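Asks: Before I ask anything, let me first share the structure, which is written out below as structure tokens.
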Amino acid sequence: EAVLVNTAGGIAGGDRHALEIDVGKGAALTVTTAAAEKIYRALGPGAELSVKLDVGAGGRLTWLPQETILFDQAKLDRRIEVDLAADAEILIAEAVVFGRTAMGEAVRQGAFVDRWRVRREGKLVFAETVRLDGKIERMLAEPAVANAGIAIATVLAVPGDQAQIERARQHTFCGEVGVSAWNGLAVARLCAKDGESLRRDLAVVAAAFGGLLPRLWLN
């Protein structure tokens with residue numbers, strides 16, 4: 001198990017961060033972060049964050065960083081690239097919270113782009129892009145987007161199956177959780193009214209998907 005010491009002071013506009021994790025043949029690794037990552041207001045260019053995850057033959061990676069918190073007028077472009085060997089396994093959970101509700105904060109304006117690309121033996125098996133640009137608070141209020149929720153997350157398991165989905169469906173959640181499996185993948189989408197509720201739901205889903213929760217998550 002590895003704990004990354006993130007920037008702590010937060011990421012500001014114009015910052016560029018790149019992270020690479022390589023899990024060797026037959027190895028198993030769980031990675032989390034020491035604290036939530038904060039993305040502050042950008043007066044000019046936004047921040048860029050690149051995450052590269054490689055898992056070798058017979059290896060397993062569980063990527064469970066603590067949540068990313070966006071402040072009002074923050075701009076973040078994040079890219080997550082995953083390369084898997086034929087029999088490698090990965091579990092990814094990424095959470096984003098728009099403003100700290102306990103502090104009375106809200107994200108009214110900003111930009112958030114999140115690109116995920118997962119390849120097995122070089123073949124693309126999962127790809128998606130989330131884009132919220134402009135009046136984020138108004139967008140999140142839409143029923144088809146977040147129904148006024150301010151905390152969202154995605155959990156992806158490769159390989160994934162219906163058994164993981166059924167385990168997740170046995171639980172009662174604080175927010176809204178949708179799970180599905182197809183083409184050897186299992187995916188969960190989570191939405192909640194605040195970060196604490198999302199975190200509780202995320203821990204349940206990650207465990208149902210077979211993830212070994214980091215000790216930091218259990219404290």
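Identifiers in the structure tokens: chain A, B, ... in order shown; residue index from 1 per chain; ligand index from 1 in order shown.
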If we count only C-alpha atoms and set the cut-off at 8 Å, which residues sit around A:Ala88, ignoring sequence neighbours fewer than 4 positions away in its own chain? Please answer as a ChimeraX atom specification.

Replies: /A:55-60,84

Asks: Please identify all polymer residues within 10 Å of A:Val51, counting only C-alpha atoms, omitting same-chain residues fewer than 6 positions from it, and present them as an MDAnalysis selection string.

Replies: chainID A and resid 17:21 78:82 116

Asks: Can you write just those residues out, all heavy atoms, as a CSV table (one decimal), in the first residue's frame?

Replies:
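Writing done, so here's result20.csv:
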```
chain,number,residue,atom,x,y,z
A,17,HIS,N,0.8,19.1,-13.3
A,17,HIS,CA,1.2,18.0,-12.5
A,17,HIS,C,1.1,16.7,-13.3
A,17,HIS,O,0.1,16.5,-14.0
A,17,HIS,CB,0.4,17.9,-11.2
A,17,HIS,CG,0.6,19.0,-10.3
A,17,HIS,ND1,1.5,19.0,-9.2
A,17,HIS,CD2,0.0,20.2,-10.3
A,17,HIS,CE1,1.4,20.2,-8.6
A,17,HIS,NE2,0.5,20.9,-9.2
A,18,ALA,N,2.1,15.8,-13.2
A,18,ALA,CA,2.1,14.5,-13.9
A,18,ALA,C,2.5,13.5,-12.9
A,18,ALA,O,3.4,13.6,-12.1
A,18,ALA,CB,3.0,14.5,-15.1
A,19,LEU,N,1.7,12.4,-12.9
A,19,LEU,CA,2.0,11.2,-12.0
A,19,LEU,C,2.0,10.0,-12.8
A,19,LEU,O,1.1,9.7,-13.6
A,19,LEU,CB,0.9,11.2,-11.0
A,19,LEU,CG,0.9,10.0,-10.0
A,19,LEU,CD1,2.1,10.0,-9.1
A,19,LEU,CD2,-0.4,9.9,-9.2
A,20,GLU,N,3.0,9.1,-12.6
A,20,GLU,CA,3.1,7.8,-13.3
A,20,GLU,C,3.2,6.7,-12.3
A,20,GLU,O,4.1,6.8,-11.4
A,20,GLU,CB,4.2,7.8,-14.3
A,20,GLU,CG,4.1,8.8,-15.5
A,20,GLU,CD,5.2,8.6,-16.5
A,20,GLU,OE1,5.9,7.6,-16.4
A,20,GLU,OE2,5.3,9.5,-17.4
A,21,ILE,N,2.4,5.7,-12.4
A,21,ILE,CA,2.5,4.5,-11.5
A,21,ILE,C,2.7,3.3,-12.4
A,21,ILE,O,1.9,3.1,-13.4
A,21,ILE,CB,1.3,4.4,-10.6
A,21,ILE,CG1,1.2,5.6,-9.7
A,21,ILE,CG2,1.3,3.1,-9.9
A,21,ILE,CD1,0.0,5.6,-8.8
A,78,ARG,N,-8.1,17.3,-16.5
A,78,ARG,CA,-7.4,16.1,-16.0
A,78,ARG,C,-7.5,15.0,-17.0
A,78,ARG,O,-8.5,14.7,-17.6
A,78,ARG,CB,-8.1,15.6,-14.7
A,78,ARG,CG,-7.5,14.4,-14.1
A,78,ARG,CD,-8.0,14.1,-12.7
A,78,ARG,NE,-9.4,13.7,-12.7
A,78,ARG,CZ,-10.1,13.4,-11.6
A,78,ARG,NH1,-9.6,13.6,-10.4
A,78,ARG,NH2,-11.4,13.0,-11.7
A,79,ARG,N,-6.4,14.2,-17.1
A,79,ARG,CA,-6.3,13.1,-18.1
A,79,ARG,C,-5.9,11.9,-17.3
A,79,ARG,O,-4.8,11.9,-16.6
A,79,ARG,CB,-5.4,13.4,-19.2
A,79,ARG,CG,-5.8,14.6,-20.1
A,79,ARG,CD,-4.7,15.0,-21.1
A,79,ARG,NE,-5.0,16.1,-21.9
A,79,ARG,CZ,-5.5,16.0,-23.1
A,79,ARG,NH1,-5.7,14.9,-23.6
A,79,ARG,NH2,-5.8,17.1,-23.8
A,80,ILE,N,-6.6,10.8,-17.4
A,80,ILE,CA,-6.2,9.5,-16.8
A,80,ILE,C,-6.1,8.5,-17.9
A,80,ILE,O,-7.0,8.2,-18.6
A,80,ILE,CB,-7.3,9.0,-15.8
A,80,ILE,CG1,-7.4,10.1,-14.7
A,80,ILE,CG2,-6.9,7.7,-15.2
A,80,ILE,CD1,-8.5,9.7,-13.7
A,81,GLU,N,-4.8,8.0,-18.1
A,81,GLU,CA,-4.5,7.0,-19.1
A,81,GLU,C,-4.1,5.7,-18.4
A,81,GLU,O,-3.2,5.7,-17.5
A,81,GLU,CB,-3.3,7.5,-20.0
A,81,GLU,CG,-3.6,8.8,-20.8
A,81,GLU,CD,-4.4,8.5,-22.1
A,81,GLU,OE1,-4.4,7.3,-22.5
A,81,GLU,OE2,-4.8,9.5,-22.7
A,82,VAL,N,-4.7,4.6,-18.8
A,82,VAL,CA,-4.4,3.3,-18.2
A,82,VAL,C,-4.0,2.3,-19.3
A,82,VAL,O,-4.7,2.2,-20.3
A,82,VAL,CB,-5.7,2.8,-17.5
A,82,VAL,CG1,-5.4,1.4,-16.9
A,82,VAL,CG2,-6.2,3.8,-16.4
A,116,TRP,N,-10.9,10.0,-19.5
A,116,TRP,CA,-10.4,8.6,-19.1
A,116,TRP,C,-10.2,7.8,-20.3
A,116,TRP,O,-11.1,7.7,-21.2
A,116,TRP,CB,-11.4,7.9,-18.2
A,116,TRP,CG,-11.6,8.5,-16.8
A,116,TRP,CD1,-11.5,9.8,-16.4
A,116,TRP,CD2,-12.0,7.7,-15.6
A,116,TRP,NE1,-11.8,9.9,-15.1
A,116,TRP,CE2,-12.1,8.7,-14.6
A,116,TRP,CE3,-12.2,6.4,-15.4
A,116,TRP,CZ2,-12.4,8.3,-13.3
A,116,TRP,CZ3,-12.5,6.0,-14.1
A,116,TRP,CH2,-12.6,6.9,-13.0
```

Asks: Neighbours of A:Ala181 within 8 Å (only C-alpha atoms; same-chain residues fewer than 6 positions away dropped), as a list in words?

Replies: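 Listed by chain and then number, they are Gly160, Asp161, Gln162, Ile165 and Val187 of chain A.
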
Asks: Tell me, as a PyMOL selection string, which residues lie within 12 Å of stretch 173-180 of chain A, counting only C-alpha atoms; anything in the same chain fewer than 4 positions away does not count.

Replies: chain A and resi 145-157+160-169+184-206+208-209

Asks: Determine, for each residue of stretch 87-193 of chain A having at least one atom at most 10 Å from an atom of stretch 33-47 of chain A, the closest pair of atoms and their separation in Å to one decimal, counting only C-alpha atoms; order by chain and ascending number, as a Markdown table.

Replies:
```
| residue | atom | partner | partner_atom | distance |
| --- | --- | --- | --- | --- |
| A:Ala95 | CA | A:Ala36 | CA | 9.7 |
| A:Val96 | CA | A:Glu37 | CA | 9.5 |
| A:Val97 | CA | A:Lys38 | CA | 9.6 |
| A:Phe98 | CA | A:Ile39 | CA | 9.9 |
| A:Gly99 | CA | A:Lys38 | CA | 9.7 |
| A:Val107 | CA | A:Arg41 | CA | 10.0 |
| A:Gln109 | CA | A:Arg41 | CA | 9.7 |
| A:Gly110 | CA | A:Arg41 | CA | 8.2 |
| A:Ala111 | CA | A:Gly46 | CA | 8.2 |
| A:Phe112 | CA | A:Gly46 | CA | 9.3 |
```

Asks: Interatomic distance between atom CA of A:Glu89 and atom CA of A:Pro159?

Replies: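 It comes out at 6.1 Å.
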
Asks: At what distance in Å, to one decimal, does atom CA of A:Asp54 lie from atom CA of A:Val113?

Replies: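 These two atoms are separated by 22.0 Å.
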